[in-house]
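final.txt follows; it contains compact mmCIF, C-alpha atoms and all ligand atoms.
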# COMPACT_ATOMS: atom_id res chain seq x y z
CA VAL A 12 0.00 0.00 0.00
CA LEU A 13 1.40 3.40 -0.94
CA ASN A 14 1.96 5.95 1.82
CA GLY A 15 -0.92 8.14 0.62
CA GLU A 16 -3.38 5.23 0.58
CA ARG A 17 -2.14 4.02 3.97
CA LYS A 18 -2.91 7.45 5.40
CA GLN A 19 -6.42 7.47 3.99
CA MET A 20 -7.23 4.23 5.78
CA SER A 21 -5.38 5.03 9.00
CA LEU A 22 -5.83 6.94 12.19
CA ARG A 23 -3.80 10.11 11.52
CA VAL A 24 -1.70 10.82 14.61
CA GLY A 25 -0.07 14.13 15.51
CA VAL A 26 2.92 13.81 17.86
CA ILE A 27 3.94 16.67 20.16
CA GLY A 28 7.56 16.53 21.36
CA ALA A 29 10.24 14.96 19.17
CA GLY A 30 12.92 14.30 21.80
CA ASN A 31 14.02 10.84 22.91
CA MET A 32 10.57 9.48 23.69
CA GLY A 33 8.67 11.33 20.94
CA ALA A 34 11.11 10.24 18.21
CA ASP A 35 10.83 6.67 19.49
CA HIS A 36 7.02 6.75 19.41
CA ILE A 37 7.16 8.23 15.89
CA ARG A 38 9.34 5.36 14.65
CA THR A 39 7.23 2.74 16.44
CA LEU A 40 3.95 4.15 15.11
CA HIS A 41 5.32 4.26 11.59
CA ARG A 42 7.01 0.88 11.48
CA PHE A 43 5.15 -1.41 13.84
CA VAL A 44 1.61 -0.19 14.50
CA ASN A 45 -1.22 -1.26 12.22
CA GLY A 46 -3.97 1.19 11.43
CA GLY A 47 -2.15 4.33 12.57
CA CYS A 48 0.23 6.71 10.84
CA VAL A 49 2.24 9.77 11.81
CA GLN A 50 0.58 12.77 10.21
CA ALA A 51 2.36 15.68 11.87
CA VAL A 52 5.09 16.37 14.42
CA ALA A 53 5.32 19.48 16.61
CA ASP A 54 8.29 20.58 18.70
CA VAL A 55 9.34 24.03 19.90
CA ASP A 56 12.66 23.01 18.37
CA LEU A 57 11.43 22.83 14.76
CA ALA A 58 14.63 21.14 13.56
CA ARG A 59 13.90 18.21 15.89
CA ALA A 60 10.37 17.86 14.56
CA GLU A 61 11.68 17.97 10.98
CA SER A 62 14.37 15.42 11.59
CA ALA A 63 12.01 13.00 13.41
CA LEU A 64 9.57 13.26 10.52
CA ALA A 65 12.29 12.89 7.89
CA SER A 66 13.46 9.70 9.59
CA ILE A 67 10.20 7.99 8.66
CA ASP A 68 8.30 9.97 6.13
CA GLY A 69 9.86 9.58 2.72
CA GLY A 70 8.50 12.97 1.65
CA ASN A 71 4.73 12.46 1.56
CA ASP A 72 2.15 14.81 3.03
CA GLY A 73 3.17 14.77 6.72
CA TRP A 74 4.35 18.06 8.18
CA ALA A 75 6.55 19.41 10.94
CA THR A 76 5.66 22.48 12.96
CA ALA A 77 6.75 24.50 15.97
CA ASP A 78 3.08 25.11 16.85
CA PRO A 79 1.52 22.29 18.95
CA GLY A 80 -1.79 24.18 19.24
CA GLY A 81 -2.08 24.33 15.46
CA LEU A 82 -1.32 20.60 15.21
CA ILE A 83 -4.06 19.75 17.72
CA ALA A 84 -6.65 21.94 15.95
CA ASP A 85 -5.83 20.75 12.44
CA PRO A 86 -8.72 18.70 10.97
CA ARG A 87 -6.20 16.39 9.26
CA VAL A 88 -5.08 15.16 12.72
CA ASP A 89 -7.43 12.56 14.27
CA ALA A 90 -5.60 11.86 17.54
CA VAL A 91 -2.62 13.19 19.50
CA VAL A 92 0.42 11.68 21.23
CA ILE A 93 2.10 13.98 23.77
CA ALA A 94 5.80 13.40 24.49
CA SER A 95 6.97 16.91 25.38
CA HIS A 96 8.29 17.88 28.82
CA ASP A 97 6.20 16.94 31.86
CA ALA A 98 5.19 20.53 32.65
CA THR A 99 3.55 20.95 29.20
CA HIS A 100 1.30 17.86 29.33
CA ALA A 101 -1.73 19.39 31.06
CA GLU A 102 -2.01 22.26 28.58
CA PHE A 103 -1.86 19.95 25.55
CA ILE A 104 -4.26 17.38 27.04
CA THR A 105 -6.75 20.19 27.66
CA ALA A 106 -6.42 21.47 24.09
CA ALA A 107 -6.84 17.97 22.62
CA VAL A 108 -9.90 17.23 24.74
CA GLN A 109 -11.45 20.58 23.83
CA ALA A 110 -10.91 19.68 20.17
CA GLY A 111 -12.68 16.35 20.87
CA LYS A 112 -9.57 14.32 19.99
CA PRO A 113 -8.31 11.19 21.76
CA VAL A 114 -4.91 11.75 23.34
CA LEU A 115 -2.18 9.41 24.59
CA CYS A 116 0.03 11.42 26.93
CA GLU A 117 3.37 10.35 28.32
CA LYS A 118 3.46 10.07 32.10
CA PRO A 119 3.00 12.01 34.32
CA LEU A 120 -0.18 14.03 33.73
CA ALA A 121 1.60 16.96 35.41
CA PRO A 122 4.48 17.39 37.88
CA THR A 123 2.32 18.18 40.94
CA LEU A 124 -0.91 16.82 42.42
CA ASP A 125 -2.48 20.30 42.39
CA ALA A 126 -1.87 20.60 38.65
CA VAL A 127 -3.21 17.08 38.10
CA LEU A 128 -6.41 17.79 40.08
CA ALA A 129 -6.92 21.04 38.14
CA LEU A 130 -6.53 19.10 34.89
CA ARG A 131 -9.03 16.50 36.04
CA ALA A 132 -11.55 19.28 36.78
CA THR A 133 -11.00 20.85 33.36
CA VAL A 134 -11.29 17.56 31.47
CA GLY A 135 -14.44 16.63 33.41
CA ALA A 136 -16.79 14.34 31.52
CA ASP A 137 -14.36 13.97 28.60
CA ALA A 138 -11.91 11.86 30.63
CA ALA A 139 -12.52 8.90 28.31
CA LEU A 140 -10.54 10.72 25.62
CA VAL A 141 -7.38 10.62 27.76
CA SER A 142 -4.93 7.69 27.96
CA LEU A 143 -1.61 7.75 29.75
CA GLY A 144 1.79 6.23 28.88
CA PHE A 145 2.18 3.80 31.78
CA MET A 146 3.60 1.29 29.33
CA ARG A 147 4.88 -1.24 31.88
CA ARG A 148 1.33 -2.64 31.92
CA PHE A 149 1.99 -3.79 28.34
CA ASP A 150 5.41 -5.34 29.03
CA PRO A 151 5.02 -9.11 28.58
CA GLY A 152 6.97 -9.72 31.82
CA TYR A 153 4.75 -7.52 33.98
CA ALA A 154 1.68 -9.00 32.27
CA GLN A 155 2.88 -12.47 33.29
CA LEU A 156 3.50 -11.33 36.87
CA LYS A 157 -0.07 -10.05 37.01
CA ALA A 158 -1.41 -13.30 35.56
CA ALA A 159 0.65 -15.28 38.12
CA ILE A 160 -0.86 -13.25 40.97
CA GLU A 161 -4.39 -13.59 39.62
CA THR A 162 -4.19 -17.34 39.03
CA GLY A 163 -2.80 -17.87 42.53
CA ALA A 164 0.56 -19.21 41.29
CA VAL A 165 2.38 -17.80 44.35
CA GLY A 166 -0.55 -17.93 46.75
CA ARG A 167 -1.64 -14.73 48.43
CA PRO A 168 0.96 -12.00 47.68
CA LEU A 169 2.78 -10.65 50.75
CA LEU A 170 5.74 -8.61 49.48
CA LEU A 171 6.89 -7.00 46.24
CA HIS A 172 10.46 -5.91 45.59
CA CYS A 173 10.90 -3.41 42.77
CA VAL A 174 14.17 -2.01 41.46
CA SER A 175 14.54 0.68 38.77
CA ARG A 176 18.13 1.61 37.95
CA GLY A 177 19.40 3.81 35.15
CA VAL A 178 22.83 4.73 33.81
CA SER A 179 22.74 8.44 34.66
CA SER A 180 20.17 11.06 35.54
CA ALA A 181 19.09 13.84 33.18
CA PRO A 182 20.53 17.29 34.01
CA GLY A 183 18.41 19.11 36.56
CA THR A 184 16.86 15.98 38.10
CA THR A 185 15.81 16.56 41.70
CA THR A 186 14.68 14.21 44.45
CA GLU A 187 11.09 15.31 43.79
CA SER A 188 11.23 15.00 40.00
CA SER A 189 12.80 11.56 40.36
CA VAL A 190 9.62 10.59 42.24
CA THR A 191 7.07 12.29 39.97
CA ASN A 192 8.83 11.36 36.71
CA SER A 193 10.57 8.03 37.32
CA LEU A 194 9.31 6.27 40.46
CA VAL A 195 5.82 7.08 39.16
CA HIS A 196 6.06 3.97 36.94
CA GLU A 197 6.11 1.82 40.09
CA LEU A 198 3.36 3.96 41.64
CA ASP A 199 1.14 2.86 38.75
CA VAL A 200 2.29 -0.68 38.11
CA VAL A 201 2.26 -1.90 41.74
CA PRO A 202 -1.45 -1.15 42.41
CA TRP A 203 -2.19 -2.42 38.89
CA LEU A 204 -0.42 -5.73 39.58
CA LEU A 205 -2.15 -6.14 42.93
CA SER A 206 -5.54 -4.62 41.96
CA SER A 207 -5.30 -2.67 45.19
CA PRO A 208 -4.63 1.05 45.78
CA VAL A 209 -1.58 2.41 47.60
CA VAL A 210 -2.77 3.78 50.95
CA GLN A 211 0.47 4.68 52.75
CA VAL A 212 4.07 5.40 51.78
CA SER A 213 7.38 6.11 53.43
CA TRP A 214 10.61 7.44 51.95
CA GLN A 215 14.20 6.65 52.89
CA ALA A 216 17.62 7.20 51.31
CA PRO A 217 21.20 6.21 52.03
CA SER A 218 24.09 8.60 51.46
CA VAL A 219 24.12 9.86 47.86
CA THR A 220 26.47 8.45 45.23
CA SER A 221 29.54 10.45 44.34
CA ASP A 222 28.06 10.95 40.84
CA SER A 223 25.11 12.87 42.16
CA ASP A 224 25.05 16.37 43.57
CA SER A 225 24.12 16.17 47.22
CA SER A 226 20.79 17.95 46.87
CA PHE A 227 19.50 15.13 44.65
CA ARG A 228 18.97 12.08 46.88
CA ASP A 229 19.90 9.16 44.68
CA PRO A 230 19.27 6.27 45.28
CA GLN A 231 15.93 6.43 47.06
CA LEU A 232 14.08 3.61 48.78
CA VAL A 233 10.32 3.91 49.08
CA LEU A 234 7.90 1.59 50.87
CA LEU A 235 4.34 1.34 49.58
CA ARG A 236 1.53 -0.23 51.57
CA THR A 237 -1.48 -1.24 49.49
CA ALA A 238 -5.02 -1.64 50.86
CA ASP A 239 -4.67 -5.44 50.62
CA GLY A 240 -1.87 -5.33 53.23
CA VAL A 241 0.96 -6.09 50.77
CA LEU A 242 4.21 -4.20 51.40
CA THR A 243 6.33 -3.14 48.39
CA SER A 244 9.93 -1.92 48.44
CA CYS A 245 10.90 0.34 45.54
CA GLU A 246 14.52 1.20 44.91
CA THR A 247 14.96 3.97 42.39
CA PHE A 248 18.59 4.68 41.44
CA GLN A 249 19.09 6.90 38.45
CA ASN A 250 22.91 7.05 38.52
CA ALA A 251 23.54 3.32 38.87
CA GLY A 252 26.03 3.55 35.99
CA TYR A 253 26.16 -0.04 34.77
CA GLY A 254 22.95 -0.19 32.71
CA TYR A 255 19.18 0.15 32.64
CA ASP A 256 17.94 -2.51 35.01
CA ILE A 257 14.31 -3.08 35.97
CA ARG A 258 13.38 -5.79 38.46
CA CYS A 259 10.22 -6.89 40.14
CA GLU A 260 9.66 -9.86 42.43
CA VAL A 261 6.34 -10.91 43.90
CA VAL A 262 6.68 -12.97 47.08
CA GLY A 263 3.56 -14.90 48.04
CA GLU A 264 2.50 -17.48 50.59
CA THR A 265 3.48 -20.44 48.42
CA GLY A 266 6.27 -19.13 46.17
CA ALA A 267 7.82 -16.19 44.38
CA VAL A 268 7.84 -14.96 40.80
CA SER A 269 10.22 -12.40 39.24
CA LEU A 270 10.89 -10.61 35.98
CA THR A 271 13.92 -11.90 34.08
CA GLU A 272 16.15 -9.54 32.13
CA PRO A 273 14.70 -9.74 28.61
CA THR A 274 17.84 -10.61 26.73
CA ARG A 275 18.16 -12.80 23.65
CA VAL A 276 21.88 -13.50 23.78
CA ILE A 277 24.24 -14.85 26.41
CA ALA A 278 27.98 -14.34 25.82
CA ASP A 279 30.51 -16.92 27.00
CA GLY A 280 34.20 -16.05 27.18
CA SER A 281 37.18 -15.54 29.47
CA GLY A 282 35.75 -17.93 31.99
CA ARG A 283 32.49 -15.99 32.29
CA ARG A 284 28.89 -16.13 31.12
CA SER A 285 27.30 -12.68 30.68
CA VAL A 286 24.30 -10.80 29.35
CA GLU A 287 24.08 -7.16 28.30
CA TYR A 288 21.89 -4.52 29.88
CA ALA A 289 19.97 -2.00 27.77
CA ALA A 290 21.40 1.53 27.85
CA ASP A 291 17.98 3.03 28.58
CA TRP A 292 14.24 2.38 28.58
CA ARG A 293 13.76 2.41 24.82
CA PRO A 294 15.13 -1.05 23.99
CA ARG A 295 14.05 -2.50 27.37
CA PHE A 296 10.41 -1.54 26.86
CA ALA A 297 10.26 -1.50 23.03
CA GLU A 298 7.63 -4.24 22.99
CA ALA A 299 5.60 -2.47 25.68
CA TYR A 300 5.59 0.83 23.75
CA ARG A 301 4.53 -1.00 20.59
CA LEU A 302 1.71 -2.89 22.29
CA GLU A 303 0.57 0.28 24.07
CA LEU A 304 0.41 2.32 20.87
CA GLN A 305 -1.31 -0.56 19.05
CA ALA A 306 -3.94 -0.90 21.82
CA TRP A 307 -4.56 2.85 21.72
CA VAL A 308 -4.93 2.97 17.92
CA ASP A 309 -7.13 -0.16 17.88
CA GLU A 310 -9.35 1.24 20.58
CA ILE A 311 -9.93 4.53 18.78
CA ARG A 312 -10.65 2.78 15.49
CA VAL A 313 -13.01 0.18 16.96
CA ASP A 314 -14.59 2.74 19.27
CA ARG A 315 -15.92 4.39 16.17
CA ALA A 316 -17.63 1.08 15.41
CA GLY A 317 -18.91 0.99 18.99
CA GLN A 318 -16.64 -1.73 20.37
CA ALA A 319 -14.76 -2.39 23.58
CA ARG A 320 -12.02 -0.30 25.15
CA SER A 321 -8.64 -1.72 26.18
CA ALA A 322 -8.65 -3.15 29.70
CA VAL A 323 -4.93 -2.45 30.04
CA LEU A 324 -4.36 1.15 28.90
CA ALA A 325 -3.93 3.59 31.77
CA ARG A 326 -6.57 6.31 31.98
CA LEU A 327 -6.82 9.81 33.41
CA MET A 328 -7.82 8.48 36.85
CA ASP A 329 -4.81 6.15 36.94
CA GLY A 330 -2.67 9.25 36.45
CA VAL A 331 -4.55 11.06 39.22
CA ARG A 332 -4.03 8.13 41.62
CA ALA A 333 -0.32 7.89 40.77
CA ALA A 334 0.04 11.64 41.32
CA ALA A 335 -1.60 11.39 44.75
CA VAL A 336 0.82 8.64 45.75
CA ALA A 337 3.79 10.60 44.35
CA GLN A 338 2.70 13.61 46.39
CA ALA A 339 2.63 11.47 49.55
CA VAL A 340 6.16 10.19 48.78
CA VAL A 341 7.42 13.76 48.34
CA GLU A 342 5.76 14.73 51.63
CA SER A 343 7.41 11.79 53.39
CA PHE A 344 10.78 12.91 51.95
CA HIS A 345 10.21 16.42 53.33
CA HIS A 346 9.42 14.92 56.75
CA ASP A 347 12.45 12.64 57.12
CA GLY A 348 10.69 9.51 55.97
CA ARG A 349 7.58 9.78 58.11
CA PRO A 350 4.91 7.23 57.07
CA THR A 351 2.42 9.29 55.07
CA ASP A 352 -1.14 8.44 54.12
CA VAL A 353 -2.19 8.98 50.52
CA LYS A 354 -4.60 11.92 50.51
CA PHE A 355 -7.74 12.24 48.42
CA LEU A 356 -7.95 8.46 48.54
CA GLU A 357 -11.71 8.13 49.01
CA ASP A 358 -12.26 10.49 46.15
CA ILE A 359 -9.92 8.81 43.68
CA ARG A 360 -10.03 5.10 44.44
N1 LIG B 401 7.10 6.04 29.40
C1 LIG B 401 8.41 6.10 29.53
O1 LIG B 401 9.06 5.11 29.77
C2 LIG B 401 9.13 7.39 29.36
C3 LIG B 401 10.52 7.40 29.19
C4 LIG B 401 11.16 8.63 28.99
C5 LIG B 401 10.43 9.80 28.98
N2 LIG B 401 9.09 9.76 29.16
C6 LIG B 401 8.30 11.00 29.17
O2 LIG B 401 8.27 11.51 27.83
C7 LIG B 401 8.32 12.93 27.85
C8 LIG B 401 9.51 13.39 27.02
O3 LIG B 401 10.70 12.89 27.59
P1 LIG B 401 12.04 12.81 26.72
O4 LIG B 401 12.97 11.94 27.47
O5 LIG B 401 11.73 12.47 25.30
O6 LIG B 401 12.54 14.34 26.81
P2 LIG B 401 13.37 15.14 25.72
O7 LIG B 401 13.92 16.33 26.41
O8 LIG B 401 14.31 14.23 24.98
O9 LIG B 401 12.27 15.61 24.66
C9 LIG B 401 11.25 16.52 24.96
C10 LIG B 401 10.93 17.30 23.70
O10 LIG B 401 9.80 18.14 23.95
C11 LIG B 401 10.03 19.38 23.32
N3 LIG B 401 9.19 20.39 23.96
C12 LIG B 401 9.35 20.94 25.18
N4 LIG B 401 8.37 21.84 25.43
C13 LIG B 401 7.57 21.83 24.33
C14 LIG B 401 6.39 22.54 23.99
N5 LIG B 401 5.85 23.45 24.80
N6 LIG B 401 5.83 22.28 22.78
C15 LIG B 401 6.38 21.36 21.95
N7 LIG B 401 7.51 20.67 22.21
C16 LIG B 401 8.09 20.92 23.40
C17 LIG B 401 11.52 19.63 23.48
O11 LIG B 401 12.00 20.59 22.55
C18 LIG B 401 12.08 18.23 23.25
O12 LIG B 401 12.39 17.98 21.90
C19 LIG B 401 8.42 13.35 29.32
O13 LIG B 401 7.14 13.68 29.78
C20 LIG B 401 8.90 12.09 30.02
O14 LIG B 401 8.43 12.00 31.35
C21 LIG B 401 8.43 8.59 29.34
Translate this structure into structure tokens?
Amino acid sequence: VLNGERKQMSLRVGVIGAGNMGADHIRTLHRFVNGGCVQAVADVDLARAESALASIDGGNDGWATADPGGLIADPRVDAVVIASHDATHAEFITAAVQAGKPVLCEKPLAPTLDAVLALRATVGADAALVSLGFMRRFDPGYAQLKAAIETGAVGRPLLLHCVSRGVSSAPGTTTESSVTNSLVHELDVVPWLLSSPVVQVSWQAPSVTSDSDSSFRDPQLVLLRTADGVLTSCETFQNAGYGYDIRCEVVGETGAVSLTEPTRVIADGSGRRSVEYAADWRPRFAEAYRLELQAWVDEIRVDRAGQARSAVLARLMDGVRAAAVAQAVVESFHHDGRPTDVKFLEDIR
């Protein structure tokens, strides 16, 4: 099928933000997602938008722009992916919803709970248009952990141990932004795995690594207590140096189940057996991003025919819940690790 014909039959997606994540979503949408195509790319840095588009487009009728508002309003754009900086998400979600367009926004909805609650009030009854990029739900490993819990493979779950390590933190990362931007993945996936909301948190940290400036507490260790009584430890360590390493173990009454490192090759040599770590989240979660985008595109296309919505995609309220838990973690950090209840819980359960 020629590019032009493909576009006529496809959901035409406008992508806002052409940095690491946006460029990755653009490539994934173009190469691996059926029924969707990249129609336009917006970035305040126009050269980035142009280069992301050029990497896939082959010169047909897609366009690059420095005007995200114009992209959202354009009638040739059916749906919007937002992958610009965290602080811009709420504004673009609002504009997309007001234009009546489905939107898949990268996490988080906004950097603070206040901003998230304001967004929720603005979006109101149109919340069904909003999906959120908590892609770990689509990772085949996490999906198998959830299935193991639900089929009783480890008995009643008692403890979860989560580890998220990265090579190095982005410039300007703070203790708070590490919680709202990075730990937030655990704050969504843990209650999703357990089907139980986080009700209380507490924050701790050892001395910082020599790679980190001392105002950014890295690593951090956060305990989450869910309503079902399960206790989860979450290590988040952005400057771990050796690779991108995501772990999760569920310990239950009759056994334990863990993610394995999704590698396809083992190297033997010099008296050692070894596997390689991904450098960042893009290769580690490539399959999850693809399945997430495919579920989102499928849902929008079948929705028009009146069919079911994805049971896995995160929604606006999942983002609100995660933001409330993140806020409690930040509060615990500001109070020397005091156990802190998640506020607004009754309202957002
Ligand atoms: N789901 C995940 O695993 C995951 C991983 C990484 C990043 N993210 C999220 O994706 C988003 C982007 O992260 P990134 O790592 O690609 O950052 P990045 O800095 O590489 O890219 C962000 C891009 O947004 C553009 N931008 C900023 N403000 C804009 C505006 N007002 N209008 C249009 N474009 C604007 C910047 O010019 C830049 O090109 C963040 O919200 C981040 O939290 C999610």
**Study point:** Counting all atoms listed in the file, the option among A:Ala138, A:Ala335, A:Ile257, A:Val286 closest to Val174 in chain A
**Key:**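 Distance minimum relative to Val174 in chain A lands on A:Ile257.
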Review point. So which residues touch Glu260 in chain A within 9 Å, counting only C-alpha atoms, skipping near sequence neighbours fewer than 6 positions away, as a list in words?
Key: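 My list of contacting residues is Leu156, Leu170, Leu171, His172, Cys173, Ala267, Val268, Ser269 and Leu270 of chain A.
Shortest separation to ligand LIG 401 (chain B) among A:Val262, A:Val44, A:Ala164, A:Leu304 occurs at residue A:Leu304, atoms counted being only C-alpha atoms and all ligand atoms.
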Point to revise | Interatomic distance, CA of Gly348 in chain A to CA of Val212 in chain A (Å, one decimal) | key: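 Here the two named atoms are 8.8 Å from each other.
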Per-residue nearest contacts of chain A to ligand LIG 401 (chain B) (9 Å; only C-alpha atoms and all ligand atoms) as a tab-separated table:
residue	atom	partner	partner_atom	distance
A:Ile27	CA	B:LIG401	C15	5.6
A:Gly28	CA	B:LIG401	O10	3.8
A:Ala29	CA	B:LIG401	O12	4.6
A:Gly30	CA	B:LIG401	O9	3.2
A:Asn31	CA	B:LIG401	O5	3.7
A:Met32	CA	B:LIG401	O5	3.6
A:Gly33	CA	B:LIG401	O5	5.4
A:Ala34	CA	B:LIG401	O5	7.5
A:Asp35	CA	B:LIG401	O5	8.3
A:Ala53	CA	B:LIG401	C15	5.8
A:Asp54	CA	B:LIG401	N7	3.6
A:Val55	CA	B:LIG401	N7	4.5
A:Asp56	CA	B:LIG401	O11	4.9
A:Leu57	CA	B:LIG401	O11	8.1
A:Arg59	CA	B:LIG401	O12	6.2
A:Ala60	CA	B:LIG401	O12	7.6
A:Ala77	CA	B:LIG401	C15	6.8
A:Asp78	CA	B:LIG401	N6	7.1
A:Pro79	CA	B:LIG401	N6	5.8
A:Gly80	CA	B:LIG401	N6	8.6
A:Ile93	CA	B:LIG401	C7	7.5
A:Ala94	CA	B:LIG401	C7	4.2
A:Ser95	CA	B:LIG401	O10	3.4
A:His96	CA	B:LIG401	O13	4.5
A:Asp97	CA	B:LIG401	O13	4.0
A:Ala98	CA	B:LIG401	O13	7.7
A:Thr99	CA	B:LIG401	N5	5.6
A:His100	CA	B:LIG401	O13	7.2
A:Glu102	CA	B:LIG401	N5	8.8
A:Phe103	CA	B:LIG401	N6	8.5
A:Cys116	CA	B:LIG401	O13	8.0
A:Glu117	CA	B:LIG401	C6	5.0
A:Lys118	CA	B:LIG401	O14	5.4
A:Pro119	CA	B:LIG401	O14	6.2
A:Leu120	CA	B:LIG401	O13	8.3
A:Ala121	CA	B:LIG401	O13	8.6
A:Leu143	CA	B:LIG401	N1	8.9
A:Gly144	CA	B:LIG401	N1	5.3
A:Phe145	CA	B:LIG401	N1	5.9
A:Met146	CA	B:LIG401	N1	5.9
A:Arg147	CA	B:LIG401	O1	7.9
A:Ala181	CA	B:LIG401	O4	8.6
A:Thr191	CA	B:LIG401	O14	8.7
A:Asn192	CA	B:LIG401	O14	5.4
A:Ser193	CA	B:LIG401	O14	7.5
A:His196	CA	B:LIG401	O1	7.9
A:Asp291	CA	B:LIG401	C3	8.7
A:Trp292	CA	B:LIG401	O1	6.0
A:Arg293	CA	B:LIG401	O1	7.3
A:Phe296	CA	B:LIG401	O1	7.4
A:Tyr300	CA	B:LIG401	N1	7.8
Review point. Between A:Tyr255, A:Thr123, A:Ser66, A:Phe149, which is the closest to Gln305 in chain A once you count all atoms listed in the file?
Key: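 Closest residue, counting all atoms listed in the file: A:Phe149.
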Exercise for review: Considering only C-alpha atoms, state which residue in the set A:Ala132, A:Ser281, A:Leu82, A:Val88 is at the smallest distance from Ala101 in chain A.
Suggested key: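 For Ala101 in chain A, the nearest of the given residues is A:Ala132.
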Practice item. Just the residues within 7 Å of Gly177 in chain A, please, counting only C-alpha atoms, with nothing from its chain fewer than 4 positions along; format it as a PyMOL selection string. Key: chain A and resi 248-252+254-256+291
Practice item. Please provide as a ChimeraX atom specification all residues within 6 Å of range 226-240 of chain A, with the sequence filter that same-chain residues fewer than 5 positions apart are discarded (counting all atoms listed in the file). Key: /A:185-186,207-216,219,245-248
